[in-house]
Every structure is written in structure tokens, then in C-alpha cells.
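Heads up: the structure comes next, in C-alpha cells.
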Amino acid sequence: MKKLKKGYKDTEIGIIPEDWMIDVVENLASVTTGNKNTQDNKPLGKYPFFVRSQEIEKIDTYSYDGEAVLTAGDGVGTGKVFHYVKGKFDFHQRVYKISDFRNNMNGYYFYLYFSNYFYGQVMQMTAKSSVDSVRREMITKMTILLPPIQEQQAIAEALSDIDALINALNKQVEKKKNIKQGAMQELLTGKKRLQGFTEKWEEITLGCLCNIYGRIGFRGYTRNDIVGKGQGAISFSPADIHSFKINYNNCTYISDFKYDESPEIKVYNGDIIFVKTASIGKCAYIEGLHGKATINPQLVVMKKFRCNSKFLFYKIIDNDFQQKVLTITGGSTIPTMSQEKLSEMLLLFPPTKEEQTAIAQILTAMDNEIDQLEKKRDKYLNIKSGMMQQLLTGQIRLINTISCSEAQEAEIKNYSPDNKKKHSKQFDEAVIISFLVDKFGSTAEPLSRFMYTKLSYLIHRKHDCIVVDYKKFAAGPYNPKSRYGGPEKIGKENGYFDLVKDAKGYDAFVPQKNIQEAVDYFTQWYGTDIQNWIEQFRQYKPWDLETLATVDMAINDLEEKGVKATVSTVKTYLSSIPKWKAKLDKPHFSDVHIQRAINESIRLFKI
């Protein structure tokens with residue numbers, strides 16, 4: 001028999017902490033359905049309307065006001081669509097509402113546990129391969145692991161923080177995509193010209209810009225020609241193209257003989273592949289290819305370019321070209337575009353390769369920004385997945401198990417996929433303080449708390465794209481958790497820095513003997529680029545940093561509401577916040593300074 005870890009017990013659903021309980025939903029909350037139909041929605045309604053999909057609609061009525069978790073009772077989202085809501089809302093007659101949580105049940109913890117485990121528990125109740133409908137008792141009889149309420153709250157806070165980060169990154173991605181789409185509409189049509197280019201654009205056929213090759217019919221291949229992954233050569237298919245990018249994870253491989261049989265369709269980095277049958281119009285610019293590759297009969301490959309190939313790719317994925325393709329092939333049972341028709345398609349093109357290249361570089365830079373944001377978001381999704389698995393099963397505790405009177409953050413270990421130094425959110429902020437003290441302060445000239453919090457704000461804006469912990473204090477964005485939540489205490493106890501009074505009597509930081517250890521952690525977690533980036537603020541005066549951070553935070557809030565940031569809208573927004581209204585009387589919040597801060601924010605964060 002396996003020896004149990006101290007503080008844990010063996011139960012019918014596995015090994016859990018000794019102070020955790022097991023219960024069912026009907027003992028922890030109320031479960032009911034709505035009374036509305038889909039057609040009751042009002043696009044301009046006042047309240048959220050939850051239907052059987054992930055999309056939230058609007059309605060003019062509400063049937064509940066409070067905290068609730070909702071899930072679809074049938075439809076394509078059955079067992080996979082979940083919503084957490086606080087406030088007034090209405091819901092569909094085939095949507096379940098779980099609400100009125102008992103005193104020993106934290107609503108957001110319930111949402112996390114329920115959304116993570118409900119589908120798996122329901123699948124155990126059915127002989128089918130999928131869930132097509134949910135009965136009420138499937139919810140009410142579901143078992144829930146129940147930590148002490150303080151630990152539920154700590155888990156909910158930890159995971160809601162990372163949810164907020166992921167949601168903010170999603171918004172950033174969508175925003176950047178919209179900006180890119182607008183740029184494509186202007187730059188790829190010649191409506192907006194780059195400086196220095198004035199020559200008139202010309203219509204030219206695709207066949208004049210590159211050579212187009214497809215797989216010759218009698219050189220097709222059968223199942224006998226397919227080999228194992230990593231053997232032979234990749235044969236790209238439409239399924240390998242997602243959002244105009246290649247996914248190399250599930251490619252088909254064919255024998256070297258079949259690969260060498262058709263040398264004209266061998267695919268290399270810098271080529272463009274285009275789907276001409278069925279999923280017509282899907283295409284991808286080949287990059288990151290390592291090894292041999294070719295195409296299957298549904299695709300053609302473009303090469304031997306007589307233009308900038310990346311610019312041509314952007315023209316092909318542009319809505320204008322894609323719509324023309326659909327117009328030509330529309331109505332067919334299986335849409336197909338011949339190589340001849342594809343070659344004859346007209347494109348409006350800049351006459352010089354220099355202009356093509358300049359436009360392609362701008363759009364590529366935008367794509368790279370989006371890719372970096374998506375990678376960051378995906379990293380946090382992986383971190384959240386690992387955190388949920390360990391926190392919701394008690395493998396890692398966020399509470400002092402000896403006394404449940406005080407919730408405290410544990411050292412959340414090994415959540416980073418790159419397996420860097422183990423650290424918690426509070427320790428992370430202690431490291432940021434230390435880095436800034438080392439870079440901008442000294443024993444003779446301490447770094448004021450005022451300056452630290454503005455510089456820290458800028459680091460989080462640059463690295464995380466959001467600043468969820470920062471509040472609107474009188475002096476600008478301020479993170480109260482750094483002072484009262486533990487980071488300053490952690491830094492002092494580890495000998496990274498100490499708190500003193502500066503010449504003006506304000507709190508300030510001075511370096512201590514172990515500060516280099518924290519600086520090394522900063523380099524590990526944030527890299528050297530951001531160390532160089534933050535250097536540009538060395539000559540900034542405290543009031544300039546206050547203006548920049550405040551205006552930048554205002555810009556983010558305005559963009560959330562779909563309002564363009566101008567001096568006028570920023571001032572109106574500042575005047576609407578009691579703690580910030582008085583700023584407008586300060587010299588460094590004049591119209592000139594606000595406009596300068598708007599320009600600087602755009603430059604720094606590419607808003």
C-alpha cells in the first residue's frame with residue numbers, strides 16, 4: 001500500500017488534503033433553468049442574455065440579479081460552454097443557472113471546478129461518445145471537492161488574476177488584428193501611400209508575378225506511398241493551414257521516391273502554397289520549414305517570384321482577392337480553381353519592388369507583434385491549466401493548513417513551460433523592485449516609492465500588456481499590493497533592498513547586499529531587452545512619469561469603451577475619476593503635456 005503524504009487522505013475520488021470535504025452540487029447551490037427563447041434577444045438590450053453558446057447576447061429584461069454560473073443544457077456547446085456572472089441577467093430556457101451558493105461555497109471557485117470537471121463527470125454517465133443534452137440531476141449529483149472557504153477564496157483569486165491577464169491579452173490580440181486589417185485595406189489598395197513613392201499602381205496577372213505549379217495527375221499518390229511521421233517528406237494538405245499559417249504538428253509524410261518524382265512542386269521557405277480545391281483560397285507563406293516538403297493534389301505552389309513574395313502573399317490573403325476567388329468558384333458542389341484561371345487573376349500592384357518590400361515589412365512587423373502576444377497568451381493558458389490541475393486537487397496549497405485564519409499565497413512552482421526559476425507573484429514583484437532599485441537608485445540617492453511604482457507600471461505594460469493590479473490613486477497608477485501584499489517584505493527579508501526616508505522625507509528604497517541575486521532573477525524572467533528598454537526613462541522627471549503612466553492608463557480604459565484617445569477625451573475621463581480630477585490643475589497635465597504623453601504611449605506600446 002502506498003504511503004500517504006502527511007496531511008492527505010485517500011477517498012473514493014482520490015487522494016485529497018485531510019481538511020478538504022467531498023459534496024454534491026445540490027447541497028451547495030440551487031439549480032434552475034430560464035424561461036426565455038433565442039428570439040427574445042435585443043441587440044441593443046441593457047442586460048446580458050445567456051443562450052446555448054459561448055457568445056453572450058443582449059436583452060431588455062432580467063430574471064436574476066446576483067452571482068451565478070451558467071451552462072448550456074443542449075446544443076453544440078453542451079458540457080463545454082460555461083459562464084460566470086455577477087449582476088443582472090436573463091437566460092434561455094435550456095440554459096442551467098447554478099446560484100445562491102451556500103456559506104461554505106465560493107462562487108468563483110465553483111465556476112473553476114465545475115467548468116473544469118463537469119464534462120468528464122457527465123461522460124461517465126452516458127454510453128455515447130459525446131454529450132447532446134444535460135439533465136438537471138447530472139448537475140445536482142455532480143461531486144465537488146470542497147476546500148475550506150478561505151482556501152477556495154485564495155484559489156479563486158489566484159486563478160481569476162491569470163484569467164484577467166489572458167482576457168486582456170485576447171483583447172490586445174484582437175485590437176492588433178483590427179489595426180492590421182485597417183492597414184491592409186489602405187496599404188494593399190494604394191489608398192495610403194508610403195512616403196517617397198508616387199508611381200501609379202498597375203493591374204497585373206498573378207501568372208506574371210510568379211510561376212504556379214500543381215501535382216500532375218498521374219503522379220498522385222496512394223496510401224501505400226504514405227510513411228511515418230518524420231520519414232520521407234511532408235506533403236502539405238488544406239488541413240495543415242490555419243489562419244493563413246502552416247501548422248506542422250499533424251502533417252502527412254510521403255516516401256522520398258514520390259517526393260523526388262515531382263521536383264517542380266518541392267516546397268521551400270519563401271514559397272506560397274494555395275488551396276485550389278474544396279477549401280479554396282486557404283494559403284500560407286512558408287517559413288520555419290526544416291526538411292523536405294511537397295504538396296498534395298489539392299494545392300498549388302507559387303515560386304520563382306518576379307516581385308516581393310511577402311507582399312504578394314498579403315495581396316492573396318486580402319479580402320478583395322479572397323472575394324474574387326469565391327465569386328469565380330461559387331456555386332460548385334466541390335469548388336475548384338484551375339491553375340489557368342488562378343494565373344489569369346488580376347491584382348493591383350505597385351510598380352517598384354522597393355514599395356512592395358516597404359509595405360510587406362510594415363505588415364510583417366504587425367504580424368510579429370500579434371504572434372508574440374499570442375505566444376504570451378498561450379503561455380499563460382498553459383500556466384493556468386497546470387495551476388488548475390494542482391490547485392483544484394489540493395496537490396499545491398494556497399492556505400496555511402495549520403490555521404485557516406489567514407489566506408497566504410504559496411510558492412506556485414514549475415508552472416512556467418520554460419521551467420525557469422520557481423517563483424510566486426509576490427516574489428516576482430519583489431524582484432522588479434530590486435531590479436529598479438539597482439538600476440535607478442543607490443545608497444546615496446534612494447529610489448522613491450513614487451518613482452518605483454511608475455517604472456513598475458511601465459514594465460508590466462511592456463511585458464504583460466496589462467496592469468491588472470494597479471489602482472487609480474491620487475499620484476497616478478499605484479499597486480497597493482506591493483506595499484501591503486508582501487513584495488516589499490519579501491525584498492527586505494531576502495536582503496535585496498531596504499526602506500529608508502529620502503531627503504524630502506518620503507519612503508524610498510536602497511540596495512542591500514543580496515540585490516544581485518534578484519537582478520539575476522529579473523534577467524531570467526524578463527530578458528535583457530526590457531532592461532535596455534526601461535533605460536530610456538532615466539532622464540524622466542517624476543512628474544513626467546506621473547503624466548505618462550496616468551494618461552496611458554486612461555488610454556487603455558478609453559479603448560475598452562471604444563473611445564479614441566485625444567486630449568479632450570483624456571481630460572474628460574480624468575475629470576470623471578474623483579482621485580484624478582485634481583490632476584487637471586497641475587502644470588504637467590496641461591494640454592501640451594497630455595498630448596505629449598499620448599504620443600509617447602503610442603510610441604512605447606504601439607497602441
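By order in the C-alpha cells, chains are A, B, ...; within a chain, residues start at 1; ligands start at 1, following the order shown.
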Review point. Residues at most 12 Å from Leu436 in chain A, counting only C-alpha atoms, excluding those fewer than 6 positions away in the same chain, as a PyMOL selection string?
Key: chain A and resi 429-430+442+446-449+451-459+496-497+508-511+515-516+518-519+522+530-531+534-535+537-538
**Study point:** Close residues, Phe218 in chain A itself excluded, 12 Å, only C-alpha atoms, min 4 positions apart in chain, as a VMD selection string
**Key:** chain A and resid 214 222 258 261 to 262 297
Dump N, CA and C atoms for the selected residues as a CSV table (one decimal), in the first residue's frame?
chain,number,residue,atom,x,y,z
A,214,GLY,N,1.3,22.7,-59.9
A,214,GLY,CA,0.5,21.7,-59.2
A,214,GLY,C,1.0,20.3,-59.4
A,222,THR,N,-0.9,7.2,-53.4
A,222,THR,CA,-1.9,6.4,-52.7
A,222,THR,C,-1.5,6.2,-51.2
A,258,LYS,N,8.3,9.4,-54.1
A,258,LYS,CA,7.2,10.3,-54.5
A,258,LYS,C,7.6,11.7,-54.5
A,261,GLU,N,9.9,12.5,-57.4
A,261,GLU,CA,9.3,12.2,-58.7
A,261,GLU,C,8.8,13.6,-59.3
A,262,SER,N,8.4,14.5,-58.4
A,262,SER,CA,7.9,15.8,-58.9
A,262,SER,C,8.7,17.0,-58.4
A,297,PRO,N,-2.5,16.9,-54.2
A,297,PRO,CA,-3.2,17.4,-55.4
A,297,PRO,C,-4.2,18.5,-55.2
**Study point:** Nearby residues (only C-alpha atoms) at most 6 Å from range 311-316 of chain A, same-chain spacing under 3 positions excluded, as a list of chain:residue names
**Key:** A:Asn308, A:Phe321, A:Gln356, A:Ala360
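Among A:Gln539, A:Gln231, A:Gln372, A:Gln124, the residue with the shortest atom-to-atom distance to Lys176 in chain A, counting only C-alpha atoms, is A:Gln372.
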**Study point:** Closest of A:Pro477, A:Thr443, A:Val31, A:Gln298 to Gln512 in chain A - atom-to-atom distances counting only C-alpha atoms
**Key:** A:Thr443
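Secondary structure from DSSP on the backbone puts alpha helix (DSSP H) at the following positions of range 178-234 of chain A: Asn178, Ile179, Lys180, Gln181, Gly182, Ala183, Met184, Gln185, Glu186, Leu187, Leu206, Gly207, Cys208 and Leu209 of chain A.
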Let me see the file: selected residues, all heavy atoms, as a CSV table (one decimal), in the first residue's frame.
chain,number,residue,atom,x,y,z
A,178,ASN,N,-7.2,44.1,-35.7
A,178,ASN,CA,-8.1,45.1,-36.3
A,178,ASN,C,-7.2,46.2,-36.9
A,178,ASN,O,-7.5,46.7,-38.0
A,178,ASN,CB,-9.1,45.7,-35.3
A,178,ASN,CG,-10.1,44.7,-34.9
A,178,ASN,OD1,-10.5,43.8,-35.6
A,178,ASN,ND2,-10.7,44.8,-33.7
A,179,ILE,N,-6.2,46.6,-36.1
A,179,ILE,CA,-5.3,47.6,-36.7
A,179,ILE,C,-4.6,47.1,-38.0
A,179,ILE,O,-4.5,47.9,-38.9
A,179,ILE,CB,-4.2,48.0,-35.6
A,179,ILE,CG1,-4.9,48.7,-34.4
A,179,ILE,CG2,-3.1,48.8,-36.2
A,179,ILE,CD1,-3.9,48.9,-33.3
A,180,LYS,N,-4.2,45.9,-37.9
A,180,LYS,CA,-3.5,45.3,-39.1
A,180,LYS,C,-4.5,45.3,-40.3
A,180,LYS,O,-4.1,45.6,-41.4
A,180,LYS,CB,-3.0,43.9,-38.8
A,180,LYS,CG,-2.3,43.3,-40.0
A,180,LYS,CD,-2.2,41.8,-39.9
A,180,LYS,CE,-1.9,41.1,-41.2
A,180,LYS,NZ,-1.9,39.7,-41.1
A,181,GLN,N,-5.8,44.9,-40.0
A,181,GLN,CA,-6.8,44.8,-41.1
A,181,GLN,C,-7.0,46.1,-41.7
A,181,GLN,O,-7.1,46.3,-42.9
A,181,GLN,CB,-8.1,44.2,-40.5
A,181,GLN,CG,-9.1,43.9,-41.6
A,181,GLN,CD,-8.6,42.9,-42.6
A,181,GLN,OE1,-8.0,41.9,-42.2
A,181,GLN,NE2,-8.9,43.1,-43.9
A,182,GLY,N,-7.0,47.2,-40.9
A,182,GLY,CA,-7.2,48.5,-41.4
A,182,GLY,C,-6.0,48.9,-42.2
A,182,GLY,O,-6.2,49.6,-43.3
A,183,ALA,N,-4.8,48.6,-41.8
A,183,ALA,CA,-3.6,48.9,-42.5
A,183,ALA,C,-3.6,48.2,-43.9
A,183,ALA,O,-3.2,48.8,-44.9
A,183,ALA,CB,-2.4,48.5,-41.7
A,184,MET,N,-4.0,46.9,-43.9
A,184,MET,CA,-4.0,46.2,-45.1
A,184,MET,C,-5.0,46.8,-46.1
A,184,MET,O,-4.7,47.0,-47.3
A,184,MET,CB,-4.5,44.7,-44.9
A,184,MET,CG,-3.4,43.9,-44.2
A,184,MET,SD,-3.9,42.2,-43.9
A,184,MET,CE,-4.1,41.5,-45.5
A,185,GLN,N,-6.2,47.3,-45.7
A,185,GLN,CA,-7.1,47.9,-46.5
A,185,GLN,C,-6.6,49.2,-47.2
A,185,GLN,O,-6.9,49.5,-48.3
A,185,GLN,CB,-8.4,48.2,-45.8
A,185,GLN,CG,-9.2,47.0,-45.4
A,185,GLN,CD,-10.4,47.3,-44.5
A,185,GLN,OE1,-10.6,48.4,-44.1
A,185,GLN,NE2,-11.1,46.2,-44.1
A,186,GLU,N,-5.7,49.9,-46.5
A,186,GLU,CA,-5.2,51.1,-47.0
A,186,GLU,C,-3.9,50.9,-47.8
A,186,GLU,O,-3.8,51.4,-48.9
A,186,GLU,CB,-4.9,52.1,-45.9
A,186,GLU,CG,-6.1,52.6,-45.2
A,186,GLU,CD,-5.8,53.8,-44.3
A,186,GLU,OE1,-4.8,53.7,-43.6
A,186,GLU,OE2,-6.6,54.8,-44.3
A,187,LEU,N,-3.0,50.1,-47.3
A,187,LEU,CA,-1.7,49.9,-47.9
A,187,LEU,C,-1.7,49.0,-49.1
A,187,LEU,O,-0.9,49.1,-50.1
A,187,LEU,CB,-0.7,49.4,-46.9
A,187,LEU,CG,-0.3,50.3,-45.7
A,187,LEU,CD1,0.6,49.6,-44.7
A,187,LEU,CD2,0.4,51.6,-46.2
A,206,LEU,N,-1.6,37.3,-61.9
A,206,LEU,CA,-0.8,36.6,-60.9
A,206,LEU,C,0.3,35.8,-61.6
A,206,LEU,O,1.4,35.6,-61.1
A,206,LEU,CB,-1.7,35.6,-60.1
A,206,LEU,CG,-1.1,34.8,-59.0
A,206,LEU,CD1,-0.4,35.6,-58.0
A,206,LEU,CD2,-2.2,33.9,-58.3
A,207,GLY,N,-0.1,35.2,-62.8
A,207,GLY,CA,0.9,34.4,-63.6
A,207,GLY,C,2.1,35.2,-64.0
A,207,GLY,O,3.2,34.6,-64.3
A,208,CYS,N,2.0,36.6,-64.1
A,208,CYS,CA,3.1,37.4,-64.5
A,208,CYS,C,4.0,37.7,-63.3
A,208,CYS,O,5.2,38.2,-63.4
A,208,CYS,CB,2.7,38.7,-65.1
A,208,CYS,SG,1.9,38.6,-66.7
A,209,LEU,N,3.5,37.4,-62.1
A,209,LEU,CA,4.3,37.7,-60.9
A,209,LEU,C,5.1,36.5,-60.3
A,209,LEU,O,6.0,36.7,-59.5
A,209,LEU,CB,3.3,38.2,-59.8
A,209,LEU,CG,2.6,39.6,-60.1
A,209,LEU,CD1,1.5,39.8,-59.1
A,209,LEU,CD2,3.6,40.7,-60.0
